Structure formats: C-alpha cells, structure tokens
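Chemist: Sending over a structure as structure tokens; questions will come in a sec.
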Amino acid sequence: MSKNIRGGNRLATAAALGNWQEVKRLLTQEKVNVNAVNEYGHTALQVMMLGSTLVAEELLKNGAEPNIQNNWGFTLAHDVAQSGFLDTMTVLTKYKADVNIKNAAGCLPIHLAAQEGYLDLVQYLTPRSDILHKNSSGQTPLDLARASNRTEVVAWLEQQLQAIESQIIV
C-alpha cells in the first residue's frame, strides 16, 4: 500500500469518526494530503461524519475539494442536505461548495432537503439554489416535498413560488 493511500486511510478514518483533533494532527504534523483518497477511492471530506462541523472546517480550510462527486453524482452537499445538517451546510458554502450540482437523478441538494422535510435547510438553500429546477423525473423540490408529505416545507415553498410569480407579473 502506498504512503499516500495509508495517509488517505488514516485521514478518512479520523474524519469518519468525527475526530477533529486527529484530523488536524494528520494535516498539520504529518502533512497528509487533504485530498488523498483512502483504499476505496474516497477523500476524508467525502466520508466525514456529516454533523461534525469542526472536521468539515478543518478539511476545507486546508484545501479539501468540496465538489467531488461519487459514482451516483452526490457531492457532500447532497449528503448533508439529505441528512439535515444545516451547520455543516453553512460551513460547506462558506468554502465554495456548489449547491447547484446535479446528482445522477438530476437532483440538487435542495431537492433532497425538501424530500426529507428539512425546512431549515430548504430555507437556507433557496436563495443559493434553483427551486424551479426539475430533476430527471421532472420533479421540483416542491413536488418531492408534496410526494413525501412534508407539509411545512410544502407551505414554505409555495409561499416562495407565489412571491416569484408576483415579481414576474409586475
């Protein structure tokens, strides 16, 4: 196993466990490449414990690439949106994560947040994303929220769409 893979494995393991101190030590003392991949081809940022904002911040401020897509087109922003971690999303966007990258199903992160019913994330993503974007099945975030019976998200998105429509009419 190459030195780079070994470093990638150790960094990815520390990130997956949410061990911020070990992540910081590996990056600063051992000089492990922040974008090194583990034996499965994933970076530490891709496998990090999603709710660990300290780990996310440490990796990103050391140059981790926030927009890497996995085999299904998911970026970390998709994973975070689907899991409901607003604080982590805030850190990601601070470091230029693109919340308008489509996954293999054509979904943006806001689609996943709406489908899962994470109103706070939908509210955060709305000004940064395209709420009218349709996925590969022709569904908008509002359509997915309706299909998943996420009534709070549906009501909020309907208000946003009414506001957009009234601006177009004026």
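By convention in this document, the chains of the structure tokens carry letters A, B, ... by their order, each chain's residues are numbered from 1, and ligands are numbered from 1 in the order they are shown.
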List the spatial neighbours of Gly51 of chain A as an MDAnalysis selection string - criterion: any atom at most 9 Å away, only C-alpha atoms, same-chain residues fewer than 4 positions off excluded.
Modeler: chainID A and resid 18 55:56 80 83:88
Chemist: Those residues you just picked out, can you put them in a file as a compact mmCIF listing (two decimals), in the first residue's frame with N, CA and C atoms?
Modeler:
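And here's again.txt as it stands now:
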```txt
# COMPACT_ATOMS: atom_id res chain seq x y z
N GLY A 18 -15.30 11.58 13.19
CA GLY A 18 -15.53 12.92 13.72
C GLY A 18 -14.42 13.36 14.66
N VAL A 55 -14.62 19.11 11.90
CA VAL A 55 -13.87 18.31 10.92
C VAL A 55 -14.04 18.91 9.53
N ALA A 56 -15.26 19.27 9.17
CA ALA A 56 -15.50 19.88 7.85
C ALA A 56 -14.67 21.14 7.69
N VAL A 80 -25.22 16.06 2.99
CA VAL A 80 -25.57 16.92 4.13
C VAL A 80 -27.03 17.35 4.05
N SER A 83 -29.31 14.53 4.95
CA SER A 83 -29.20 14.13 6.36
C SER A 83 -29.61 15.23 7.33
N GLY A 84 -29.77 16.46 6.84
CA GLY A 84 -30.32 17.52 7.68
C GLY A 84 -29.35 18.31 8.53
N PHE A 85 -28.12 18.45 8.10
CA PHE A 85 -27.12 19.15 8.92
C PHE A 85 -26.88 20.57 8.42
N LEU A 86 -27.71 21.50 8.89
CA LEU A 86 -27.61 22.90 8.48
C LEU A 86 -26.24 23.49 8.81
N ASP A 87 -25.72 23.24 10.01
CA ASP A 87 -24.42 23.81 10.39
C ASP A 87 -23.32 23.37 9.44
N THR A 88 -23.35 22.10 9.05
CA THR A 88 -22.33 21.60 8.12
C THR A 88 -22.52 22.22 6.74
```
Chemist: For segment 114-131 of chain A, work out the shell of residues within 6 Å, counting only C-alpha atoms and skipping chain neighbours fewer than 3 positions away, then give it as a compact mmCIF listing (two decimals) with all heavy atoms, in the first residue's frame.
Modeler:
```txt
# COMPACT_ATOMS: atom_id res chain seq x y z
N GLY A 84 -29.77 16.46 6.84
CA GLY A 84 -30.32 17.52 7.68
C GLY A 84 -29.35 18.31 8.53
O GLY A 84 -29.75 18.83 9.56
N LEU A 86 -27.71 21.50 8.89
CA LEU A 86 -27.61 22.90 8.48
C LEU A 86 -26.24 23.49 8.81
O LEU A 86 -25.66 24.21 7.98
CB LEU A 86 -28.72 23.73 9.12
CG LEU A 86 -28.70 25.22 8.82
CD1 LEU A 86 -28.80 25.50 7.33
CD2 LEU A 86 -29.82 25.93 9.57
N ASN A 100 -25.54 23.73 -6.58
CA ASN A 100 -26.30 23.59 -7.81
C ASN A 100 -25.76 22.49 -8.72
O ASN A 100 -26.04 22.46 -9.91
CB ASN A 100 -26.37 24.93 -8.55
CG ASN A 100 -27.25 25.90 -7.81
OD1 ASN A 100 -28.44 25.67 -7.66
ND2 ASN A 100 -26.67 26.96 -7.30
N ILE A 110 -31.10 20.88 -2.67
CA ILE A 110 -32.39 21.36 -2.17
C ILE A 110 -33.51 20.35 -2.42
O ILE A 110 -34.45 20.25 -1.63
CB ILE A 110 -32.74 22.75 -2.75
CG1 ILE A 110 -33.89 23.38 -1.94
CG2 ILE A 110 -33.03 22.68 -4.24
CD1 ILE A 110 -34.13 24.84 -2.24
N HIS A 111 -33.43 19.58 -3.49
CA HIS A 111 -34.43 18.53 -3.73
C HIS A 111 -34.43 17.53 -2.57
O HIS A 111 -35.49 17.12 -2.09
CB HIS A 111 -34.11 17.76 -5.02
CG HIS A 111 -34.44 18.48 -6.28
ND1 HIS A 111 -33.58 19.40 -6.84
CD2 HIS A 111 -35.51 18.40 -7.11
CE1 HIS A 111 -34.12 19.86 -7.96
NE2 HIS A 111 -35.29 19.27 -8.14
N PRO A 141 -38.21 20.65 -6.21
CA PRO A 141 -38.18 20.40 -4.76
C PRO A 141 -39.58 20.39 -4.15
O PRO A 141 -39.88 19.56 -3.29
CB PRO A 141 -37.33 21.56 -4.23
CG PRO A 141 -36.40 21.88 -5.36
CD PRO A 141 -37.25 21.69 -6.60
N LEU A 144 -41.28 17.06 -4.76
CA LEU A 144 -40.76 15.99 -3.88
C LEU A 144 -41.26 16.16 -2.45
O LEU A 144 -41.57 15.17 -1.78
CB LEU A 144 -39.23 15.98 -3.92
CG LEU A 144 -38.62 15.52 -5.25
CD1 LEU A 144 -37.11 15.70 -5.24
CD2 LEU A 144 -38.99 14.08 -5.54
N ALA A 145 -41.35 17.40 -1.99
CA ALA A 145 -41.88 17.65 -0.64
C ALA A 145 -43.35 17.20 -0.57
O ALA A 145 -43.75 16.58 0.42
CB ALA A 145 -41.74 19.12 -0.28
N SER A 148 -43.65 13.44 -0.46
CA SER A 148 -43.20 12.89 0.82
C SER A 148 -44.02 13.41 2.00
O SER A 148 -43.68 13.16 3.15
CB SER A 148 -41.72 13.23 1.04
OG SER A 148 -40.94 12.66 0.02
N ARG A 150 -44.36 16.43 3.27
CA ARG A 150 -43.61 17.34 4.13
C ARG A 150 -44.34 18.68 4.15
O ARG A 150 -44.00 19.61 3.44
CB ARG A 150 -42.18 17.50 3.64
CG ARG A 150 -41.42 16.22 3.41
CD ARG A 150 -41.28 15.42 4.69
NE ARG A 150 -40.43 14.24 4.44
CZ ARG A 150 -40.18 13.34 5.33
NH1 ARG A 150 -40.71 13.43 6.55
NH2 ARG A 150 -39.40 12.31 5.05
N VAL A 153 -42.60 22.17 4.66
CA VAL A 153 -41.76 22.52 3.52
C VAL A 153 -42.63 22.90 2.33
O VAL A 153 -42.35 23.88 1.64
CB VAL A 153 -40.80 21.36 3.16
CG1 VAL A 153 -40.04 21.64 1.86
CG2 VAL A 153 -39.82 21.09 4.31
```
Chemist: Mind giving me the straight-line distance from atom CA of Leu11 of chain A to atom CA of Ala113 of chain A in Å, one decimal?
Modeler: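 Distance reported for this atom pair: 28.1 Å.
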Chemist: Enumerate the residues of segment 11-163 of chain A with a DSSP assignment of helix (DSSP H, G or I), computed from the backbone, and present them as JSON, numbers by chain.
Modeler: {"A": [11, 12, 13, 14, 15, 16, 20, 21, 22, 23, 24, 25, 26, 27, 28, 44, 45, 46, 47, 53, 54, 55, 56, 57, 58, 59, 60, 61, 76, 77, 78, 79, 80, 81, 82, 83, 86, 87, 88, 89, 90, 91, 92, 93, 94, 109, 110, 111, 112, 113, 114, 115, 116, 119, 120, 121, 122, 123, 124, 125, 126, 127, 128, 141, 142, 143, 144, 145, 146, 147, 151, 152, 153, 154, 155, 156, 157, 158, 159, 160, 161, 162, 163]}
Chemist: Smallest atom-to-atom distance to Trp20 of chain A: which of A:Thr75, A:Gly7, A:Trp156, A:Leu59, using only C-alpha atoms?
Modeler: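 The answer is A:Leu59, which sits nearest to Trp20 of chain A.
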Chemist: Could you check which of A:Ala97, A:Leu45, A:Leu54, A:Val34 is closest to Gln21 of chain A, using only C-alpha atoms?
Modeler: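 Selected residue with least distance to Gln21 of chain A: A:Leu54.
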Chemist: Could you check which of A:Glu39, A:Thr93, A:Gln82, A:Glu22 is closest to Cys107 of chain A, using only C-alpha atoms?
Modeler: A:Gln82
Chemist: Please identify all polymer residues within 12 Å of Val32 of chain A, counting only C-alpha atoms, omitting same-chain residues fewer than 5 positions from it, and present them as a list in words.
Modeler: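 Using only C-alpha atoms, the neighbours found are Lys3, Asn4, Ile5, Arg6, Gly7, Gly8, Asn9, Arg10, Leu11, Ala12, Glu22, Val23, Lys24, Arg25, Leu26, Leu27, Val37, Asn38, Thr43, Ala44, Leu59, Asn62, Gly63 and Ala64 of chain A.
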Chemist: Which residues come within 8 Å of Ala77 of chain A, counting only C-alpha atoms, excluding same-chain residues fewer than 2 positions away, as a PDB file with N, CA and C atoms, in the first residue's frame?
Modeler:
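This went into result.pdb:
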```pdb
ATOM      1  N   ASN A  67     -16.490  19.814  -3.957  1.00  0.00           N
ATOM      2  CA  ASN A  67     -17.444  19.484  -5.015  1.00  0.00           C
ATOM      3  C   ASN A  67     -17.174  18.165  -5.721  1.00  0.00           C
ATOM      4  N   PHE A  74     -23.406  12.291  -6.207  1.00  0.00           N
ATOM      5  CA  PHE A  74     -23.589  13.001  -4.946  1.00  0.00           C
ATOM      6  C   PHE A  74     -22.306  13.730  -4.551  1.00  0.00           C
ATOM      7  N   THR A  75     -22.468  14.978  -4.155  1.00  0.00           N
ATOM      8  CA  THR A  75     -21.391  15.718  -3.505  1.00  0.00           C
ATOM      9  C   THR A  75     -21.670  15.673  -2.008  1.00  0.00           C
ATOM     10  N   ASP A  79     -25.238  14.912   0.415  1.00  0.00           N
ATOM     11  CA  ASP A  79     -25.300  14.072   1.619  1.00  0.00           C
ATOM     12  C   ASP A  79     -25.772  14.872   2.830  1.00  0.00           C
ATOM     13  N   VAL A  80     -25.220  16.059   2.987  1.00  0.00           N
ATOM     14  CA  VAL A  80     -25.568  16.915   4.126  1.00  0.00           C
ATOM     15  C   VAL A  80     -27.033  17.350   4.045  1.00  0.00           C
ATOM     16  N   ALA A  81     -27.493  17.709   2.845  1.00  0.00           N
ATOM     17  CA  ALA A  81     -28.890  18.119   2.668  1.00  0.00           C
ATOM     18  C   ALA A  81     -29.841  16.970   2.975  1.00  0.00           C
ATOM     19  N   MET A  89     -23.759  22.398   6.313  1.00  0.00           N
ATOM     20  CA  MET A  89     -24.020  23.038   5.014  1.00  0.00           C
ATOM     21  C   MET A  89     -23.489  24.460   5.009  1.00  0.00           C
ATOM     22  N   LEU A  92     -19.859  24.291   4.450  1.00  0.00           N
ATOM     23  CA  LEU A  92     -19.575  23.935   3.058  1.00  0.00           C
ATOM     24  C   LEU A  92     -19.708  25.135   2.128  1.00  0.00           C
ATOM     25  N   ALA A  97     -18.674  25.357  -1.654  1.00  0.00           N
ATOM     26  CA  ALA A  97     -19.373  24.169  -2.147  1.00  0.00           C
ATOM     27  C   ALA A  97     -20.478  24.650  -3.073  1.00  0.00           C
ATOM     28  N   ASP A  98     -20.613  24.016  -4.208  1.00  0.00           N
ATOM     29  CA  ASP A  98     -21.613  24.387  -5.199  1.00  0.00           C
ATOM     30  C   ASP A  98     -22.895  23.601  -4.916  1.00  0.00           C
ATOM     31  N   VAL A  99     -23.936  24.302  -4.502  1.00  0.00           N
ATOM     32  CA  VAL A  99     -25.205  23.639  -4.174  1.00  0.00           C
ATOM     33  C   VAL A  99     -26.112  23.502  -5.397  1.00  0.00           C
ATOM     34  N   PRO A 109     -29.038  19.536  -4.130  1.00  0.00           N
ATOM     35  CA  PRO A 109     -29.205  19.316  -2.692  1.00  0.00           C
ATOM     36  C   PRO A 109     -30.555  19.779  -2.142  1.00  0.00           C
TER      37      PRO A 109
END
```
Chemist: Near Tyr95 of chain A, counting only C-alpha atoms, which residues have an atom at most 8 Å away, once you skip same-chain residues fewer than 5 positions from it, shown as JSON, numbers by chain?
Modeler: {"A": [60, 61, 66]}
Chemist: Which value, in Å to one decimal, gives the distance between atom CA of Leu108 of chain A and atom CA of Gln167 of chain A?
Modeler: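 If I compute the distance from atom CA of Leu108 of chain A to atom CA of Gln167 of chain A, I get 24.0 Å.
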Chemist: Go through A:Asn70, A:Gln160, A:Ser52, A:Ser166 one by one, measure the shortest atom-to-atom distance of each to Leu142 of chain A using only C-alpha atoms, and give the residue with the smallest value.
Modeler: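 Comparing A:Asn70, A:Gln160, A:Ser52, A:Ser166 against Leu142 of chain A, the winner is A:Gln160.
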Chemist: Counting only C-alpha atoms, what is within 12 Å of Asn71 of chain A, bar same-chain residues fewer than 2 positions away, as an NGL selection string?
Modeler: :A and (40-42 or 46 or 68-69 or 73-75 or 103-105)
